[in-house]
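Quick notes on the structure that follows.
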Amino acid sequence: MVDRFQDRREAGRDLAERLREFANDRNVLVLALPRGGVPVGYEIARNLGLPLDVFIVRKLGVPGYEELAMGAIASGGVRVLNEDVVGRLGISDQRIDAVAEREQQEIERREFQYRGDLPRLEVRGKKIILVDDGLATGATMRAGVQALWEAGAEEITVAAPVGSIEAVGRIEREADGVVCPLQPEDFQAVGQWYEDFSQTSDEEVRELLAESMHVQT
């Protein structure tokens with residue numbers, strides 16, 4: 001049993017072995033949360049013969065209280081709202097639309113930055129492996145899972161090398177499965193479970209995505 005990963009690429013190879021049932025399945029797509037999830041997802045996709053794409057999730061902050069999430073928006077324009085927050089604060093559709101439009105523009109900017117002119121891969125009807133380099137609170141991953149359900153995914157498996165027990169438990173209730181080999185009781189931060197947790201650069205994301213797309217064609 002591994003107790004720490006050398007880096008994200010090694011962690012991805014470890015996860016690939018645990019996801020072997022999905023190998024070479026034409027209906028399976030690996031989606032990685034950038035930036036740190038991309039090196040992990042790249043190794044999963046490469047080792048299992050699967051396509052890779054990025055899936056960007058942005059929080060929709062309450063106007064004036066941006067740290068409070070009223071929902072999230074993800075790649076493809078899929079929107080998920082926290083109806084409790086929206087209802088309790090009486091946030092109008094117009095204000096939600098304004099925030100969502102701004103965040104959608106940021107998603108599109110980042111997607112172009114990472115993918116260039118390469119087309120986004122279709123998720124409707126697909127079995128999705130949604131990947132990040134770790135699950136601390138799991139909030140972004142949960143928003144991603146909800147957005148993928150809204151987008152018509154057939155099945156969702158969340159894969160992360162390490163996560164808090166609480167985050168994994170919450171995600172297990174919303175996804176079809178969670179593969180997270182390291183769930184330490186003394187979890188404090190994702191980075192402590194890697195020997196090398198240096199920041200993934202935009203350039204590395206572009207290179208890995210382009211390489212993966214090239215292999216697919």
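Just so we're on the same page: first chain in the structure tokens is A, next is B, and so on; residues restart at 1 for each chain, and ligands are numbered from 1 in the order they show up.
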
Excluding A:Glu108 and its own-chain neighbours fewer than 3 positions away, which residues fall within 10 Å of it when counting only C-alpha atoms? Please give them as a short mmCIF file (atom, residue, chain, number, x, y, z; two decimals) with C-alpha atoms, in the first residue's frame.
data_model
loop_
_atom_site.label_atom_id
_atom_site.label_comp_id
_atom_site.auth_asym_id
_atom_site.auth_seq_id
_atom_site.Cartn_x
_atom_site.Cartn_y
_atom_site.Cartn_z
CA ILE A 56 -12.89 23.43 -16.05
CA ALA A 74 -18.29 24.18 -16.05
CA SER A 75 -16.90 23.47 -19.50
CA GLY A 76 -19.67 23.40 -22.06
CA GLY A 77 -21.66 26.10 -20.27
CA GLU A 103 -17.24 33.03 -15.48
CA GLN A 104 -18.16 31.38 -18.79
CA GLN A 105 -15.88 33.86 -20.56
CA GLU A 111 -9.95 26.36 -22.62
CA PHE A 112 -8.43 28.20 -25.58
CA GLN A 113 -5.25 28.71 -23.57
CA TYR A 114 -5.00 24.98 -22.90
#

Contacts of A:Gly41 at 8 Å or less, counting only C-alpha atoms, minus same-chain residues fewer than 4 places along, as a VMD selection string?
chain A and resid 12 30 to 32 37 45 52 131 to 132

Would you save the residues from that selection as a PDB file, in the first residue's frame, using C-alpha atoms?
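Listed below is the output, out_6.pdb:
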ATOM      1  CA  GLY A  12      -1.633   8.710 -12.339  1.00  0.00           C
ATOM      2  CA  VAL A  30     -10.904  10.909 -19.068  1.00  0.00           C
ATOM      3  CA  LEU A  31     -11.575  14.489 -17.949  1.00  0.00           C
ATOM      4  CA  ALA A  32      -8.998  16.259 -15.798  1.00  0.00           C
ATOM      5  CA  GLY A  37      -5.296  17.042 -12.381  1.00  0.00           C
ATOM      6  CA  ALA A  45      -5.469   8.065 -20.372  1.00  0.00           C
ATOM      7  CA  LEU A  52      -8.159  12.978 -22.439  1.00  0.00           C
ATOM      8  CA  VAL A 131      -9.622  13.275 -12.282  1.00  0.00           C
ATOM      9  CA  ASP A 132      -7.844  15.634  -9.894  1.00  0.00           C
TER      10      ASP A 132
END

Have a look at A:Leu60, A:Val2, A:Val40, A:Val179 and name the one nearest to A:Val80; count only C-alpha atoms.
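Of all the options, A:Leu60 lies closest to A:Val80.
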
Applying 12 Å and only C-alpha atoms, which residues near A:Glu166 remain after dropping the ones on its own chain fewer than 4 positions away? List them as a PyMOL selection string.
chain A and resi 135-139+162+170-173+183-188

Can you tell me, as a list in words, what residues are no more than 12 Å from A:Arg20 when counting only C-alpha atoms, ignoring any on the same chain fewer than 6 positions away?
Arg13, Asp14, Val28, Ile44, Ala45, Arg46, Asn47, Leu48, Gly49, Leu50, Ile129 and Val179 of chain A

Closest atom pairs, residues of stretch 133-168 of chain A within 12 Å of stretch 118-125 of chain A, only C-alpha atoms, as CSV:
residue,atom,partner,partner_atom,distance
A:Val145,CA,A:Val123,CA,11.9
A:Ala147,CA,A:Val123,CA,10.7
A:Leu148,CA,A:Val123,CA,7.5
A:Trp149,CA,A:Arg124,CA,8.9
A:Glu150,CA,A:Arg124,CA,9.3
A:Ala151,CA,A:Arg124,CA,6.1
A:Gly152,CA,A:Arg124,CA,4.5
A:Ala153,CA,A:Arg124,CA,4.9
A:Glu154,CA,A:Gly125,CA,4.8
A:Glu155,CA,A:Gly125,CA,8.1
A:Ile156,CA,A:Val123,CA,10.5

Convert the current residue selection to file output with C-alpha atoms, as a compact mmCIF listing (two decimals), in the first residue's frame.
# COMPACT_ATOMS: atom_id res chain seq x y z
CA VAL A 145 -19.75 15.73 -10.97
CA ALA A 147 -22.21 19.51 -14.02
CA LEU A 148 -21.39 16.28 -15.84
CA TRP A 149 -24.72 14.77 -14.81
CA GLU A 150 -26.41 17.89 -16.16
CA ALA A 151 -24.41 17.50 -19.40
CA GLY A 152 -25.76 13.99 -19.92
CA ALA A 153 -22.90 11.75 -18.78
CA GLU A 154 -23.92 8.08 -18.62
CA GLU A 155 -21.65 7.13 -15.73
CA ILE A 156 -19.14 9.03 -13.58

Write out as a PyMOL selection string all residues of chain A that backbone DSSP assigns to strand (DSSP E or B).
chain A and resi 5+28-32+52-54+57-62+65-74+78-81+127-131+135+155-159+162-163+177-179+182+194

So which one's closest to A:Ser164, A:Val178, A:Ile73, A:Ile107, A:Val190? Using only C-alpha atoms, please.
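Between A:Val178, A:Ile73, A:Ile107, A:Val190, the residue approaching A:Ser164 most closely is A:Val190.
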
What lies within 10 Å of stretch 91-98 of chain A using only C-alpha atoms, ignoring chain neighbours under 2 positions off, as a ChimeraX atom specification?
/A:60-63,70-71,81,83,85-89,100-104

Writing out the chosen residues with N, CA and C atoms as a PDB file, in the first residue's frame:
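For reference, selection.pdb as written:
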ATOM      1  N   LEU A  60     -19.571  30.117  -8.920  1.00  0.00           N
ATOM      2  CA  LEU A  60     -20.394  31.309  -9.096  1.00  0.00           C
ATOM      3  C   LEU A  60     -20.555  31.952  -7.723  1.00  0.00           C
ATOM      4  N   GLY A  61     -19.803  33.031  -7.486  1.00  0.00           N
ATOM      5  CA  GLY A  61     -19.852  33.694  -6.200  1.00  0.00           C
ATOM      6  C   GLY A  61     -21.028  34.645  -6.079  1.00  0.00           C
ATOM      7  N   VAL A  62     -21.588  34.744  -4.880  1.00  0.00           N
ATOM      8  CA  VAL A  62     -22.677  35.691  -4.626  1.00  0.00           C
ATOM      9  C   VAL A  62     -22.138  37.114  -4.791  1.00  0.00           C
ATOM     10  N   PRO A  63     -22.776  37.947  -5.614  1.00  0.00           N
ATOM     11  CA  PRO A  63     -22.292  39.319  -5.801  1.00  0.00           C
ATOM     12  C   PRO A  63     -22.121  40.049  -4.468  1.00  0.00           C
ATOM     13  N   MET A  70     -22.953  30.433  -4.914  1.00  0.00           N
ATOM     14  CA  MET A  70     -24.370  30.223  -5.213  1.00  0.00           C
ATOM     15  C   MET A  70     -24.534  29.164  -6.295  1.00  0.00           C
ATOM     16  N   GLY A  71     -23.404  28.614  -6.734  1.00  0.00           N
ATOM     17  CA  GLY A  71     -23.434  27.578  -7.746  1.00  0.00           C
ATOM     18  C   GLY A  71     -22.087  27.456  -8.421  1.00  0.00           C
ATOM     19  N   LEU A  81     -26.800  25.224  -9.739  1.00  0.00           N
ATOM     20  CA  LEU A  81     -27.102  26.259  -8.750  1.00  0.00           C
ATOM     21  C   LEU A  81     -27.328  25.650  -7.371  1.00  0.00           C
ATOM     22  N   GLU A  83     -29.606  25.999  -4.818  1.00  0.00           N
ATOM     23  CA  GLU A  83     -30.931  26.612  -4.684  1.00  0.00           C
ATOM     24  C   GLU A  83     -31.170  27.167  -3.282  1.00  0.00           C
ATOM     25  N   VAL A  85     -28.972  28.661  -1.277  1.00  0.00           N
ATOM     26  CA  VAL A  85     -28.336  29.983  -1.190  1.00  0.00           C
ATOM     27  C   VAL A  85     -29.102  30.996  -2.031  1.00  0.00           C
ATOM     28  N   VAL A  86     -29.453  30.617  -3.252  1.00  0.00           N
ATOM     29  CA  VAL A  86     -30.172  31.524  -4.153  1.00  0.00           C
ATOM     30  C   VAL A  86     -31.507  31.941  -3.533  1.00  0.00           C
ATOM     31  N   GLY A  87     -32.229  30.969  -2.992  1.00  0.00           N
ATOM     32  CA  GLY A  87     -33.533  31.283  -2.410  1.00  0.00           C
ATOM     33  C   GLY A  87     -33.432  32.104  -1.143  1.00  0.00           C
ATOM     34  N   ARG A  88     -32.476  31.748  -0.288  1.00  0.00           N
ATOM     35  CA  ARG A  88     -32.337  32.438   1.002  1.00  0.00           C
ATOM     36  C   ARG A  88     -31.945  33.898   0.806  1.00  0.00           C
ATOM     37  N   LEU A  89     -31.115  34.169  -0.202  1.00  0.00           N
ATOM     38  CA  LEU A  89     -30.645  35.540  -0.432  1.00  0.00           C
ATOM     39  C   LEU A  89     -31.470  36.274  -1.485  1.00  0.00           C
ATOM     40  N   ALA A 100     -22.614  34.280 -14.209  1.00  0.00           N
ATOM     41  CA  ALA A 100     -22.345  33.094 -15.023  1.00  0.00           C
ATOM     42  C   ALA A 100     -21.703  33.465 -16.352  1.00  0.00           C
ATOM     43  N   GLU A 101     -22.153  34.561 -16.954  1.00  0.00           N
ATOM     44  CA  GLU A 101     -21.574  34.985 -18.226  1.00  0.00           C
ATOM     45  C   GLU A 101     -20.097  35.358 -18.054  1.00  0.00           C
ATOM     46  N   ARG A 102     -19.792  36.045 -16.973  1.00  0.00           N
ATOM     47  CA  ARG A 102     -18.397  36.427 -16.713  1.00  0.00           C
ATOM     48  C   ARG A 102     -17.528  35.192 -16.507  1.00  0.00           C
ATOM     49  N   GLU A 103     -18.019  34.239 -15.736  1.00  0.00           N
ATOM     50  CA  GLU A 103     -17.237  33.026 -15.480  1.00  0.00           C
ATOM     51  C   GLU A 103     -17.151  32.135 -16.723  1.00  0.00           C
ATOM     52  N   GLN A 104     -18.199  32.146 -17.542  1.00  0.00           N
ATOM     53  CA  GLN A 104     -18.161  31.381 -18.788  1.00  0.00           C
ATOM     54  C   GLN A 104     -17.084  31.932 -19.718  1.00  0.00           C
TER      55      GLN A 104
END

Among stretch 80-199 of chain A, which ones does DSSP place in helix (DSSP H, G or I), written as a ChimeraX atom specification?
/A:83-89,93-115,139-150,165-172,190-193

So how many Å separate atom CA of A:Ile128 and atom CA of A:Leu29, to one decimal?
5.1 Å

Which residue is closest to A:Ala143? Choose from A:Gln199, A:Leu33, A:Phe5, A:Arg206 and count only C-alpha atoms.
A:Leu33

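Here atom CA of A:Glu203 is placed at a distance of 16.6 Å from atom CA of A:Phe55.
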
Between atom CA of A:Val99 and atom CA of A:Lys59, what distance in Å does the model show, to one decimal?
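Result for atom CA of A:Val99 versus atom CA of A:Lys59: 9.6 Å, one decimal.
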
Report as an mmCIF file with C-alpha atoms, in the first residue's frame all protein, DNA and RNA residues lying within 8 Å of A:Leu208, evaluated on only C-alpha atoms, omitting residues in the same chain fewer than 2 positions from it.
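Resulting contents of result_16.cif:
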data_model
loop_
_atom_site.group_PDB
_atom_site.id
_atom_site.type_symbol
_atom_site.label_atom_id
_atom_site.label_comp_id
_atom_site.auth_asym_id
_atom_site.auth_seq_id
_atom_site.Cartn_x
_atom_site.Cartn_y
_atom_site.Cartn_z
ATOM 1 C CA VAL A 38 -3.924 17.038 -15.925
ATOM 2 C CA PRO A 39 -0.613 15.161 -15.334
ATOM 3 C CA TYR A 42 -2.636 12.088 -18.762
ATOM 4 C CA GLU A 204 2.675 21.582 -19.185
ATOM 5 C CA VAL A 205 -1.113 21.382 -19.438
ATOM 6 C CA ARG A 206 -0.971 22.433 -23.099
ATOM 7 C CA ALA A 210 -1.750 18.223 -27.249
ATOM 8 C CA GLU A 211 0.251 15.009 -26.911
ATOM 9 C CA SER A 212 -2.802 13.085 -25.804
#
